[in-house]
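J.: Structure file target_16.cif, mmCIF, C-alpha atoms, is pasted below:
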```cif
data_start
#
loop_
_atom_site.group_PDB
_atom_site.id
_atom_site.type_symbol
_atom_site.label_atom_id
_atom_site.label_comp_id
_atom_site.auth_asym_id
_atom_site.auth_seq_id
_atom_site.Cartn_x
_atom_site.Cartn_y
_atom_site.Cartn_z
ATOM 1 C CA MET H 1 -89.308 49.656 -53.569
ATOM 2 C CA LEU H 2 -89.125 52.603 -51.272
ATOM 3 C CA ARG H 3 -91.042 52.683 -48.023
ATOM 4 C CA ASP H 4 -93.068 55.711 -49.187
ATOM 5 C CA GLU H 5 -94.654 53.733 -52.037
ATOM 6 C CA PRO H 6 -97.838 51.690 -51.503
ATOM 7 C CA ASP H 7 -97.303 48.254 -50.047
ATOM 8 C CA THR H 8 -97.996 45.466 -52.540
ATOM 9 C CA GLY H 9 -97.963 42.643 -50.013
ATOM 10 C CA SER H 10 -94.393 41.592 -50.734
ATOM 11 C CA SER H 11 -92.905 39.053 -48.342
ATOM 12 C CA ALA H 12 -89.525 40.822 -48.261
ATOM 13 C CA PRO H 13 -88.372 41.996 -44.820
ATOM 14 C CA GLY H 14 -89.962 45.280 -43.847
ATOM 15 C CA PHE H 15 -92.689 45.034 -46.459
ATOM 16 C CA GLY H 16 -96.088 43.398 -46.470
ATOM 17 C CA GLN H 17 -97.357 45.259 -43.426
ATOM 18 C CA GLY H 18 -100.619 46.257 -45.095
ATOM 19 C CA ASP H 19 -102.604 45.516 -48.200
ATOM 20 C CA GLY H 20 -101.662 48.739 -50.012
ATOM 21 C CA GLY H 21 -104.952 48.655 -51.873
ATOM 22 C CA VAL H 22 -103.535 46.457 -54.648
ATOM 23 C CA GLU H 23 -105.469 43.295 -55.497
ATOM 24 C CA ASP H 24 -103.555 40.209 -56.497
ATOM 25 C CA GLU H 25 -104.399 39.483 -60.142
ATOM 26 C CA PHE H 26 -104.136 35.712 -59.596
ATOM 27 C CA ALA H 27 -106.614 35.855 -56.724
ATOM 28 C CA GLN H 28 -109.223 37.249 -59.107
ATOM 29 C CA GLN H 29 -108.876 34.396 -61.605
ATOM 30 C CA THR H 30 -110.848 31.199 -61.286
ATOM 31 C CA PRO H 31 -108.797 28.067 -60.613
ATOM 32 C CA GLN H 32 -107.965 26.050 -63.715
ATOM 33 C CA GLN H 33 -107.607 22.303 -63.836
ATOM 34 C CA THR H 34 -104.200 20.824 -64.535
ATOM 35 C CA PRO H 35 -103.799 20.354 -68.291
ATOM 36 C CA ALA H 36 -104.106 16.852 -69.719
ATOM 37 C CA VAL H 37 -100.495 16.921 -70.917
ATOM 38 C CA MET H 38 -99.293 17.457 -67.347
ATOM 39 C CA ARG H 39 -101.433 14.572 -66.068
ATOM 40 C CA PHE H 40 -100.041 12.351 -68.833
ATOM 41 C CA ILE H 41 -96.443 13.245 -67.951
ATOM 42 C CA GLN H 42 -97.149 12.559 -64.272
ATOM 43 C CA ALA H 43 -98.658 9.173 -65.126
ATOM 44 C CA VAL H 44 -95.679 8.198 -67.286
ATOM 45 C CA LEU H 45 -93.169 9.265 -64.622
ATOM 46 C CA PHE H 46 -95.142 7.388 -61.960
ATOM 47 C CA ALA H 47 -95.070 4.240 -64.116
ATOM 48 C CA VAL H 48 -91.305 4.596 -64.660
ATOM 49 C CA THR H 49 -90.775 5.088 -60.916
ATOM 50 C CA ALA H 50 -92.892 2.025 -60.144
ATOM 51 C CA GLY H 51 -90.885 -0.044 -62.639
ATOM 52 C CA LEU H 52 -87.563 1.082 -61.174
ATOM 53 C CA PHE H 53 -88.915 0.372 -57.684
ATOM 54 C CA GLY H 54 -89.724 -3.185 -58.765
ATOM 55 C CA LEU H 55 -86.278 -3.639 -60.320
ATOM 56 C CA LEU H 56 -84.564 -2.334 -57.184
ATOM 57 C CA THR H 57 -86.623 -4.652 -54.992
ATOM 58 C CA THR H 58 -85.718 -7.633 -57.189
ATOM 59 C CA PHE H 59 -82.048 -6.632 -57.297
ATOM 60 C CA LEU H 60 -81.864 -6.266 -53.522
ATOM 61 C CA ALA H 61 -83.511 -9.649 -52.974
ATOM 62 C CA TYR H 62 -81.003 -11.281 -55.332
ATOM 63 C CA GLN H 63 -78.027 -9.510 -53.729
ATOM 64 C CA CYS H 64 -79.162 -10.511 -50.253
ATOM 65 C CA TRP H 65 -79.471 -14.141 -51.354
ATOM 66 C CA VAL H 66 -76.067 -14.451 -53.084
ATOM 67 C CA PHE H 67 -74.021 -11.926 -51.123
ATOM 68 C CA TYR H 68 -75.223 -10.593 -47.790
ATOM 69 C CA VAL H 69 -76.740 -13.773 -46.291
ATOM 70 C CA PRO H 70 -73.588 -15.845 -46.980
ATOM 71 C CA ALA H 71 -71.411 -13.040 -45.542
ATOM 72 C CA LEU H 72 -73.506 -12.936 -42.378
ATOM 73 C CA ARG H 73 -73.439 -16.716 -42.116
ATOM 74 C CA ALA H 74 -69.629 -16.609 -42.369
ATOM 75 C CA ALA H 75 -69.595 -14.051 -39.540
ATOM 76 C CA ILE H 76 -71.656 -16.360 -37.331
ATOM 77 C CA ASP H 77 -70.028 -19.674 -38.325
ATOM 78 C CA PRO H 78 -66.216 -19.328 -38.678
ATOM 79 C CA GLY H 79 -66.011 -22.738 -40.396
ATOM 80 C CA PHE H 80 -68.239 -21.626 -43.281
ATOM 81 C CA LYS H 81 -66.334 -20.382 -46.347
ATOM 82 C CA PRO H 82 -68.729 -18.546 -48.654
ATOM 83 C CA ARG H 83 -68.166 -18.439 -52.391
ATOM 84 C CA PHE H 84 -69.378 -15.162 -53.859
ATOM 85 C CA PRO H 85 -70.166 -14.397 -57.516
ATOM 86 C CA GLU H 86 -67.099 -13.854 -59.697
ATOM 87 C CA TYR H 87 -67.746 -10.122 -60.131
ATOM 88 C CA THR H 88 -67.271 -9.704 -56.379
ATOM 89 C CA TYR H 89 -63.683 -10.904 -56.540
ATOM 90 C CA GLU H 90 -62.991 -8.768 -59.621
ATOM 91 C CA VAL H 91 -64.070 -5.645 -57.749
ATOM 92 C CA TRP H 92 -62.742 -6.296 -54.227
ATOM 93 C CA GLY H 93 -59.963 -8.835 -54.814
ATOM 94 C CA GLN H 94 -59.440 -12.526 -54.083
ATOM 95 C CA ASP H 95 -59.069 -11.955 -50.328
ATOM 96 C CA PHE H 96 -62.639 -10.646 -50.068
ATOM 97 C CA ASP H 97 -64.707 -12.522 -47.474
ATOM 98 C CA GLY H 98 -67.793 -10.304 -47.230
ATOM 99 C CA LEU H 99 -66.788 -8.653 -43.984
ATOM 100 C CA ASN H 100 -63.396 -7.112 -44.736
ATOM 101 C CA ARG H 101 -64.773 -4.286 -46.916
ATOM 102 C CA GLN H 102 -67.292 -1.616 -45.957
ATOM 103 C CA GLU H 103 -68.411 -0.563 -49.435
ATOM 104 C CA PRO H 104 -70.915 -3.397 -50.070
ATOM 105 C CA TRP H 105 -72.627 -2.712 -46.761
ATOM 106 C CA VAL H 106 -72.847 1.023 -47.496
ATOM 107 C CA ILE H 107 -74.344 0.196 -50.893
ATOM 108 C CA LEU H 108 -76.922 -1.989 -49.153
ATOM 109 C CA LEU H 109 -77.789 0.783 -46.701
ATOM 110 C CA VAL H 110 -78.182 3.414 -49.430
ATOM 111 C CA SER H 111 -80.256 1.053 -51.579
ATOM 112 C CA VAL H 112 -82.612 0.275 -48.711
ATOM 113 C CA LEU H 113 -82.979 3.993 -47.916
ATOM 114 C CA VAL H 114 -83.821 4.753 -51.562
ATOM 115 C CA LEU H 115 -86.280 1.848 -51.623
ATOM 116 C CA VAL H 116 -88.058 2.977 -48.443
ATOM 117 C CA ALA H 117 -88.181 6.645 -49.477
ATOM 118 C CA THR H 118 -89.523 5.801 -52.929
ATOM 119 C CA GLY H 119 -92.169 3.542 -51.496
ATOM 120 C CA LYS H 120 -93.237 5.905 -48.742
ATOM 121 C CA PHE H 121 -93.151 9.253 -50.505
ATOM 122 C CA VAL H 122 -93.941 8.319 -54.111
ATOM 123 C CA LEU H 123 -95.641 4.989 -54.672
ATOM 124 C CA PHE H 124 -97.606 4.435 -51.477
ATOM 125 C CA ALA H 125 -98.218 8.071 -50.557
ATOM 126 C CA ALA H 126 -101.791 9.242 -50.088
ATOM 127 C CA PRO H 127 -103.109 10.636 -53.357
ATOM 128 C CA ALA H 128 -103.051 14.402 -53.457
ATOM 129 C CA LYS H 129 -106.094 16.432 -54.371
ATOM 130 C CA SER H 130 -106.341 17.339 -58.005
ATOM 131 C CA PRO H 131 -103.901 20.210 -58.410
ATOM 132 C CA THR H 132 -105.189 23.491 -59.725
ATOM 133 C CA LEU H 133 -103.289 26.411 -61.077
ATOM 134 C CA HIS H 134 -103.327 29.683 -59.134
ATOM 135 C CA GLN H 135 -105.096 28.364 -56.088
ATOM 136 C CA LYS H 136 -106.325 31.083 -53.761
ATOM 137 C CA THR H 137 -105.519 30.468 -50.107
ATOM 138 C CA ASP H 138 -107.406 32.147 -47.330
#
```
Could you rewrite the structure in this file as structure tokens?
T.:
Amino acid sequence: MLRDEPDTGSSAPGFGQGDGGVEDEFAQQTPQQTPAVMRFIQAVLFAVTAGLFGLLTTFLAYQCWVFYVPALRAAIDPGFKPRFPEYTYEVWGQDFDGLNRQEPWVILLVSVLVLVATGKFVLFAAPAKSPTLHQKTD
């Protein structure tokens, strides 16, 4: 668009300085409610997210009980020799003691971050107002 043409309210640099006399066609329409199909898809995805949140919470509780708590106890009490599940030794070797590898602790950190973010921003977030299409903002 050249600078000599009427301004259409574009947000590009150098434009949008005036109204240019052009009305926004969406601003003239009445807001429409979100279609039922969209609400259904949102409900299904929310239910799937809630289910995965529950599975992650259960998985983390189990992992803490069989893996992280014994590893921390071994760090505090040098006489304690924890026995981890067999899959642990298959992945990290027979010399694994819970503290000589960083990967399980990084996995715990990432899992907790995902759990907190999902809970805060998806499941326990304040419900949004009913969305409308082409909302006019003043």
J.: H:Phe46: which residues within 12 Å, counting only C-alpha atoms, same-chain residues fewer than 3 positions away excluded, as a JSON list (two decimals) with C-alpha atoms, keeping the file's coordinate frame?
T.:
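Result went into selection.json, see below:
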```json
[["chain", "number", "residue", "atom", "x", "y", "z"],
["H", 39, "ARG", "CA", -101.43, 14.57, -66.07],
["H", 40, "PHE", "CA", -100.04, 12.35, -68.83],
["H", 41, "ILE", "CA", -96.44, 13.24, -67.95],
["H", 42, "GLN", "CA", -97.15, 12.56, -64.27],
["H", 43, "ALA", "CA", -98.66, 9.17, -65.13],
["H", 49, "THR", "CA", -90.78, 5.09, -60.92],
["H", 50, "ALA", "CA", -92.89, 2.02, -60.14],
["H", 51, "GLY", "CA", -90.88, -0.04, -62.64],
["H", 52, "LEU", "CA", -87.56, 1.08, -61.17],
["H", 53, "PHE", "CA", -88.92, 0.37, -57.68],
["H", 118, "THR", "CA", -89.52, 5.80, -52.93],
["H", 119, "GLY", "CA", -92.17, 3.54, -51.50],
["H", 121, "PHE", "CA", -93.15, 9.25, -50.50],
["H", 122, "VAL", "CA", -93.94, 8.32, -54.11],
["H", 123, "LEU", "CA", -95.64, 4.99, -54.67],
["H", 124, "PHE", "CA", -97.61, 4.43, -51.48],
["H", 125, "ALA", "CA", -98.22, 8.07, -50.56]]
```
J.: Any chance you could resolve the PyMOL selection byres ((chain H and resi 108) around 12) against this file and give the residues as a PyMOL selection string?
T.: chain H and resi 56-57+59-64+67-68+102-107+109-115
J.: What is the distance between atom CA of H:Pro82 and atom CA of H:Pro70, in Å to one decimal?
T.: 5.8 Å
J.: For H:Arg101, please output as number ranges by chain all residues within 12 Å (counting all atoms listed in the file; exclusion window: fewer than 4 positions along the same chain).
T.: H: 71, 88-89, 91-93, 95-97, 105-107
J.: By how many Å are atom CA of H:Pro85 and atom CA of H:Val116 apart?
T.: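 Value for the atom CA of H:Pro85-atom CA of H:Val116 distance: 26.5 Å.
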J.: What's the separation between atom CA of H:Pro127 and atom CA of H:Leu55, in Å to one decimal place?
T.: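 That distance, rounded to one decimal, is 23.1 Å.
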J.: Kindly compute an axis-aligned box around the listed atoms of stretch 53-58 of chain H, allowing 6 Å on each side, and express its centre and edge lengths in Å to one decimal as AutoDock Vina command-line options.
T.:
```
--center_x -87.1 --center_y -3.6 --center_z -57.7 --size_x 17.2 --size_y 20.0 --size_z 17.3
```
